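Below is one structure; the comments refer to it alone.
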Amino acid sequence: MAHRKVYLAVGRTHTRIYRFDPIDGDTRVVENVLPYEAGYTAMGAQYRGDDKEPLLLAVSGNKLITIDVAAGTLKEQVIDGLPEGPWFDGDMDPDGKTLFVVSNPGTPSYAIDVAAGKATSRNAPGGGRWDDFAYHPKNGRLYSVEGDDGDLLLIEPSRQPMKTVLKQGVFPPAQASPAAGSRKAYSATFFDQDGNFYAVDSAGNVNHLDLTTAKIPDHSQRIGRGRVPVGNLEIMNGAGRITPLPVPPSYDEITVTKKFNRTWENSEPRGRVYSFDLTITAVSKDSGTAEDVRKFRISFDLPTVKGAKAEASGVEVIAQDGKAYLDSVGDQFLAAGTSRPITVLITVPGDPARLPQEYPLDGLRATRLPSH
C-alpha cells in the first residue's frame, strides 16, 4: 500500500505531523492534529486502503502514540514491556501489525504488537548515528543511513548487533537543524513501491538512492537547492511509502501565479470545468534570483473523485492520489526574469450547483527541472 505523500514528525517537543510530497517538495502541516507536548519518534504507517489516510504509530517513553491524520485524533497507550527509551528508528513491518523500534546502541530493540499493546525485546542495534529505517517493498529488508559518514546500512533483526554496513559513503554526512540539541542524523527514511529510497536529515536535506535493483549506486542524489520547509524545527522521524511516478523529483521552486478565467457546467462526467491561466516566471521563489528555465513542473491539488482531471497543451499531465503534475515536454526555454502563461482546464465531477464558482487550486507550485 502506498500514497502520494509520506509523513514527517517535526519538533523534538510539541511534535507536529507534516505531509511531504517527495516529488515536488510540497510540505504542509496537518492542521487538524494537535501538537504532542512530550514529543515522539520511531514512527511507522499502517495503511487502511487506497482511498484512506494511514494511521501513524510512534513511541514516546513507554507509550504508543496513534495519530489518525484523517480524523485529527492523537491517542496514547502505555505498552506492556516497553521501556522509557529514548527511541530513534521505527517502522511498521510489511503486514502492518508490528511497530519495530530501536533505542541506544547496546540496549535491546523492541517489536510492539499494536493490537495487543505488548512489546517483545529483540537484539541490540549497534553503534552509530542512524535515526530511522524503512522496509524495502520488494525484498522486505530494513535499510538506514549513518549520519556521520553517510554509509548505507542494512538492519538485520536476527543479528547481534543488527547493523551492518552495505556500502560506505553513499550519502553526504547529515546536517543538524538550528534547533537546540539537534542531531546530525538521517531522521526520516522511506521508499516508493519500486524500491527508490529517500533519506531526509534533521535539517531537511533530501537524498534519493535507486535501490530498485541489486546493484547499489556509489552515491545518492541530493534533490533540489533547498530543504524541507519546516523553519528552524528538527525533523525527528518519517513514515509512509509513496507510489512511484515516471518523473524526476525537483524542489527548485520558481514563481507561479494564477488567473481564473471562467467556469462552465460539464455533462460527462457531470460537474464543472474551470479555466485558469497559470503564469510561470524564471525567478527563484525563495531568493528572488532570475535564472533561465528550460524545463519545469507545475503541480496542484486535484480531487480524488473518479473523472477529475487536468488538461493543458505543451505539457505532460499526470494525476495521482489527489495531485496533478504538469511537466514541460522537451526544452521550453524561458529566459531569466521572463514569464509565460499556460492555460489549464480542470474538470471536477459533482453537482454543478454545489461546486464552487472558482476552483481553489490549493497547493499550486512550480519547480525548475534539471535540463540535462
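Ordered as shown in the C-alpha cells, chains take letters A, B, and onward, while each chain numbers its residues from 1 and ligands are numbered from 1 in the order shown.
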What are the nearest atom pairs, with distances in Å to one decimal, for all residues of region 235-267 of chain A that come at most 12 Å from region 334-347 of chain A, using only C-alpha atoms, set out by chain and rising residue number as JSON lines?
{"residue": "A:Ile254", "atom": "CA", "partner": "A:Gly337", "partner_atom": "CA", "distance": 10.5}
{"residue": "A:Thr255", "atom": "CA", "partner": "A:Ser339", "partner_atom": "CA", "distance": 9.3}
{"residue": "A:Val256", "atom": "CA", "partner": "A:Ser339", "partner_atom": "CA", "distance": 9.1}
{"residue": "A:Thr257", "atom": "CA", "partner": "A:Pro341", "partner_atom": "CA", "distance": 9.1}
{"residue": "A:Lys258", "atom": "CA", "partner": "A:Pro341", "partner_atom": "CA", "distance": 9.0}
{"residue": "A:Lys259", "atom": "CA", "partner": "A:Thr343", "partner_atom": "CA", "distance": 9.4}
{"residue": "A:Phe260", "atom": "CA", "partner": "A:Thr343", "partner_atom": "CA", "distance": 9.8}
{"residue": "A:Asn261", "atom": "CA", "partner": "A:Thr343", "partner_atom": "CA", "distance": 9.2}
{"residue": "A:Arg262", "atom": "CA", "partner": "A:Leu345", "partner_atom": "CA", "distance": 9.9}
{"residue": "A:Thr263", "atom": "CA", "partner": "A:Leu345", "partner_atom": "CA", "distance": 9.3}
{"residue": "A:Trp264", "atom": "CA", "partner": "A:Thr347", "partner_atom": "CA", "distance": 9.8}
{"residue": "A:Glu265", "atom": "CA", "partner": "A:Thr347", "partner_atom": "CA", "distance": 9.5}
{"residue": "A:Asn266", "atom": "CA", "partner": "A:Thr347", "partner_atom": "CA", "distance": 8.0}
{"residue": "A:Ser267", "atom": "CA", "partner": "A:Thr347", "partner_atom": "CA", "distance": 10.6}
Which residues, written as a list in words, have at least one atom at most 6 Å from Ile79 (chain A), with only C-alpha atoms counted and residues fewer than 3 positions away on the same chain left out?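 Listing them by chain and then by number gives Lys63, Leu82, Gly117 and Lys118 of chain A.
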For the residues in the current selection, export N, CA and C atoms as a PDB file, in the first residue's frame.
ATOM      1  N   LYS A  63       5.041   4.692  25.919  1.00  0.00           N
ATOM      2  CA  LYS A  63       3.705   4.802  25.335  1.00  0.00           C
ATOM      3  C   LYS A  63       3.737   4.663  23.814  1.00  0.00           C
ATOM      4  N   LEU A  82       7.418  -2.245  27.370  1.00  0.00           N
ATOM      5  CA  LEU A  82       8.202  -1.245  26.650  1.00  0.00           C
ATOM      6  C   LEU A  82       8.893  -0.312  27.644  1.00  0.00           C
ATOM      7  N   GLY A 117      -0.980  -4.416  22.319  1.00  0.00           N
ATOM      8  CA  GLY A 117      -0.390  -3.448  23.231  1.00  0.00           C
ATOM      9  C   GLY A 117       0.745  -4.015  24.056  1.00  0.00           C
ATOM     10  N   LYS A 118       1.536  -4.900  23.442  1.00  0.00           N
ATOM     11  CA  LYS A 118       2.615  -5.580  24.155  1.00  0.00           C
ATOM     12  C   LYS A 118       3.899  -5.513  23.343  1.00  0.00           C
TER      13      LYS A 118
END
Write out as number ranges by chain each polymer residue whose atoms come within 9 Å of Thr98 (chain A), counting only C-alpha atoms; drop sequence neighbours fewer than 2 positions from it. A: 91-96, 100, 111-115
Suppose we keep N, CA, C and O atoms; can you now write the selection as a PDB file, in the first residue's frame?
ATOM      1  N   ASP A  91       9.575   1.614  12.232  1.00  0.00           N
ATOM      2  CA  ASP A  91       8.782   1.378  11.029  1.00  0.00           C
ATOM      3  C   ASP A  91       7.816   0.240  11.309  1.00  0.00           C
ATOM      4  O   ASP A  91       8.092  -0.644  12.128  1.00  0.00           O
ATOM      5  N   MET A  92       6.674   0.277  10.613  1.00  0.00           N
ATOM      6  CA  MET A  92       5.730  -0.833  10.675  1.00  0.00           C
ATOM      7  C   MET A  92       6.244  -1.963   9.796  1.00  0.00           C
ATOM      8  O   MET A  92       6.749  -1.727   8.691  1.00  0.00           O
ATOM      9  N   ASP A  93       6.107  -3.212  10.263  1.00  0.00           N
ATOM     10  CA  ASP A  93       6.516  -4.337   9.426  1.00  0.00           C
ATOM     11  C   ASP A  93       5.571  -4.443   8.234  1.00  0.00           C
ATOM     12  O   ASP A  93       4.505  -3.809   8.199  1.00  0.00           O
ATOM     13  N   PRO A  94       5.959  -5.206   7.199  1.00  0.00           N
ATOM     14  CA  PRO A  94       5.175  -5.219   5.962  1.00  0.00           C
ATOM     15  C   PRO A  94       3.716  -5.623   6.123  1.00  0.00           C
ATOM     16  O   PRO A  94       2.878  -5.229   5.305  1.00  0.00           O
ATOM     17  N   ASP A  95       3.369  -6.413   7.160  1.00  0.00           N
ATOM     18  CA  ASP A  95       1.966  -6.799   7.314  1.00  0.00           C
ATOM     19  C   ASP A  95       1.152  -5.799   8.131  1.00  0.00           C
ATOM     20  O   ASP A  95      -0.050  -5.976   8.341  1.00  0.00           O
ATOM     21  N   GLY A  96       1.805  -4.718   8.608  1.00  0.00           N
ATOM     22  CA  GLY A  96       1.093  -3.651   9.283  1.00  0.00           C
ATOM     23  C   GLY A  96       0.629  -3.970  10.684  1.00  0.00           C
ATOM     24  O   GLY A  96      -0.231  -3.266  11.221  1.00  0.00           O
ATOM     25  N   PHE A 100       8.308  -1.794  14.847  1.00  0.00           N
ATOM     26  CA  PHE A 100       9.643  -2.196  15.297  1.00  0.00           C
ATOM     27  C   PHE A 100      10.432  -0.936  15.623  1.00  0.00           C
ATOM     28  O   PHE A 100      10.565  -0.047  14.770  1.00  0.00           O
ATOM     29  N   ALA A 111       9.802  -5.060  19.404  1.00  0.00           N
ATOM     30  CA  ALA A 111       8.713  -5.235  18.448  1.00  0.00           C
ATOM     31  C   ALA A 111       7.407  -5.056  19.208  1.00  0.00           C
ATOM     32  O   ALA A 111       7.129  -5.807  20.157  1.00  0.00           O
ATOM     33  N   ILE A 112       6.614  -4.072  18.815  1.00  0.00           N
ATOM     34  CA  ILE A 112       5.370  -3.748  19.504  1.00  0.00           C
ATOM     35  C   ILE A 112       4.194  -4.304  18.702  1.00  0.00           C
ATOM     36  O   ILE A 112       3.958  -3.891  17.558  1.00  0.00           O
ATOM     37  N   ASP A 113       3.488  -5.251  19.298  1.00  0.00           N
ATOM     38  CA  ASP A 113       2.235  -5.740  18.731  1.00  0.00           C
ATOM     39  C   ASP A 113       1.187  -4.665  19.012  1.00  0.00           C
ATOM     40  O   ASP A 113       0.728  -4.516  20.144  1.00  0.00           O
ATOM     41  N   VAL A 114       0.818  -3.889  17.979  1.00  0.00           N
ATOM     42  CA  VAL A 114      -0.015  -2.714  18.224  1.00  0.00           C
ATOM     43  C   VAL A 114      -1.442  -3.092  18.597  1.00  0.00           C
ATOM     44  O   VAL A 114      -2.135  -2.315  19.269  1.00  0.00           O
ATOM     45  N   ALA A 115      -1.915  -4.259  18.185  1.00  0.00           N
ATOM     46  CA  ALA A 115      -3.263  -4.694  18.562  1.00  0.00           C
ATOM     47  C   ALA A 115      -3.302  -5.159  20.012  1.00  0.00           C
ATOM     48  O   ALA A 115      -4.233  -4.832  20.754  1.00  0.00           O
TER      49      ALA A 115
END
The distance between CA of Gly44 (chain A) and CA of Arg365 (chain A) is 28.3 Å
Would you please work out which residue, of A:Val30, A:Ala45, A:Ala366, A:Ala310, is nearest to Ala282 (chain A) when using only C-alpha atoms?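 Under the stated criterion, the closest residue is A:Ala366.
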Record the distance separating CA of Leu154 (chain A) and CA of Thr189 (chain A), expressed in Å with one decimal.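 Between CA of Leu154 (chain A) and CA of Thr189 (chain A) the gap is 12.9 Å.
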Taking the chain letters and numbering used in this document, name the residues of region 100-207 of chain A that DSSP puts in strand (DSSP E), as a count of residues only. 41
Calculate how many Å separate CA of Asp331 (chain A) from CA of Pro249 (chain A), rounding to one decimal.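 Value for the CA of Asp331 (chain A)-CA of Pro249 (chain A) distance: 17.4 Å.
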Need the shell around Gln221 (chain A): protein/DNA/RNA residues with any atom at most 8 Å away, counting only C-alpha atoms. Skip same-chain ones fewer than 4 positions apart. Format as a list in words? Asn207, His208 and Leu209 of chain A
Selection: 7 Å around region 171-175 of chain A, only C-alpha atoms, excl. self and same-chain fewer than 5 positions, as an NGL selection string: :A and (147-151 or 184-186 or 201-203 or 219-220)
Just write the chosen residues, N, CA, C and O atoms, as a CSV table (one decimal), in the first residue's frame.
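File produced: selection.csv:
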chain,number,residue,atom,x,y,z
A,147,GLY,N,24.5,8.8,9.9
A,147,GLY,CA,24.5,10.3,9.7
A,147,GLY,C,25.9,10.8,9.7
A,147,GLY,O,26.2,11.8,9.0
A,148,ASP,N,26.9,10.2,10.4
A,148,ASP,CA,28.2,10.8,10.5
A,148,ASP,C,29.0,10.7,9.2
A,148,ASP,O,29.7,11.6,8.8
A,149,ASP,N,28.9,9.6,8.5
A,149,ASP,CA,29.7,9.4,7.3
A,149,ASP,C,28.9,9.0,6.0
A,149,ASP,O,29.5,8.7,5.0
A,150,GLY,N,27.6,8.8,6.2
A,150,GLY,CA,26.7,8.6,5.0
A,150,GLY,C,26.7,7.1,4.5
A,150,GLY,O,26.3,6.9,3.4
A,151,ASP,N,27.2,6.2,5.4
A,151,ASP,CA,27.2,4.8,5.0
A,151,ASP,C,25.7,4.3,4.8
A,151,ASP,O,24.8,4.6,5.6
A,184,LYS,N,23.0,15.4,14.0
A,184,LYS,CA,23.4,15.3,12.6
A,184,LYS,C,23.1,13.9,12.2
A,184,LYS,O,23.9,13.0,12.1
A,185,ALA,N,21.8,13.6,11.9
A,185,ALA,CA,21.3,12.3,11.6
A,185,ALA,C,20.4,12.3,10.4
A,185,ALA,O,19.7,13.3,10.1
A,186,TYR,N,20.3,11.1,9.7
A,186,TYR,CA,19.2,10.9,8.8
A,186,TYR,C,18.0,10.4,9.5
A,186,TYR,O,17.9,9.2,9.9
A,201,ASP,N,17.6,14.3,6.3
A,201,ASP,CA,18.3,14.5,7.5
A,201,ASP,C,17.6,15.5,8.4
A,201,ASP,O,16.5,16.0,8.1
A,202,SER,N,18.1,15.7,9.6
A,202,SER,CA,17.4,16.5,10.6
A,202,SER,C,17.2,17.9,10.2
A,202,SER,O,16.2,18.6,10.6
A,203,ALA,N,18.1,18.4,9.3
A,203,ALA,CA,17.9,19.8,8.7
A,203,ALA,C,17.0,19.9,7.6
A,203,ALA,O,16.6,21.0,7.2
A,219,HIS,N,26.8,6.7,-5.2
A,219,HIS,CA,26.4,7.9,-4.5
A,219,HIS,C,24.9,8.2,-4.7
A,219,HIS,O,24.4,8.0,-5.7
A,220,SER,N,24.3,8.8,-3.6
A,220,SER,CA,22.9,9.2,-3.7
A,220,SER,C,22.9,10.6,-4.4
A,220,SER,O,23.9,11.2,-4.7
All residues 8 Å or closer to Pro349 (chain A), only C-alpha atoms, same chain fewer than 5 positions away omitted, as a ChimeraX atom specification: /A:269-272,305-308
Could the residues in this selection be written to a file with N, CA and C atoms, as a PDB file, in the first residue's frame?
ATOM      1  N   PRO A 269     -17.862  13.770 -17.338  1.00  0.00           N
ATOM      2  CA  PRO A 269     -18.741  13.499 -16.201  1.00  0.00           C
ATOM      3  C   PRO A 269     -19.507  14.754 -15.777  1.00  0.00           C
ATOM      4  N   ARG A 270     -20.630  14.556 -15.090  1.00  0.00           N
ATOM      5  CA  ARG A 270     -21.415  15.687 -14.618  1.00  0.00           C
ATOM      6  C   ARG A 270     -20.603  16.462 -13.592  1.00  0.00           C
ATOM      7  N   GLY A 271     -20.502  17.759 -13.791  1.00  0.00           N
ATOM      8  CA  GLY A 271     -19.711  18.570 -12.874  1.00  0.00           C
ATOM      9  C   GLY A 271     -19.419  19.934 -13.477  1.00  0.00           C
ATOM     10  N   ARG A 272     -18.219  20.436 -13.202  1.00  0.00           N
ATOM     11  CA  ARG A 272     -17.794  21.732 -13.717  1.00  0.00           C
ATOM     12  C   ARG A 272     -16.399  21.635 -14.314  1.00  0.00           C
ATOM     13  N   VAL A 305     -11.919  12.143  -6.695  1.00  0.00           N
ATOM     14  CA  VAL A 305     -13.113  11.502  -7.240  1.00  0.00           C
ATOM     15  C   VAL A 305     -12.881  11.069  -8.684  1.00  0.00           C
ATOM     16  N   LYS A 306     -13.565   9.999  -9.087  1.00  0.00           N
ATOM     17  CA  LYS A 306     -13.430   9.477 -10.437  1.00  0.00           C
ATOM     18  C   LYS A 306     -13.852  10.527 -11.457  1.00  0.00           C
ATOM     19  N   GLY A 307     -13.063  10.716 -12.485  1.00  0.00           N
ATOM     20  CA  GLY A 307     -13.376  11.663 -13.550  1.00  0.00           C
ATOM     21  C   GLY A 307     -12.712  13.012 -13.406  1.00  0.00           C
ATOM     22  N   ALA A 308     -12.118  13.287 -12.245  1.00  0.00           N
ATOM     23  CA  ALA A 308     -11.391  14.551 -12.082  1.00  0.00           C
ATOM     24  C   ALA A 308     -10.138  14.512 -12.942  1.00  0.00           C
TER      25      ALA A 308
END
Can you list, as a ChimeraX atom specification, every protein, DNA or RNA residue that comes within 8 Å of Glu84 (chain A) when you count only C-alpha atoms, leaving out same-chain residues fewer than 5 positions away? /A:60-62
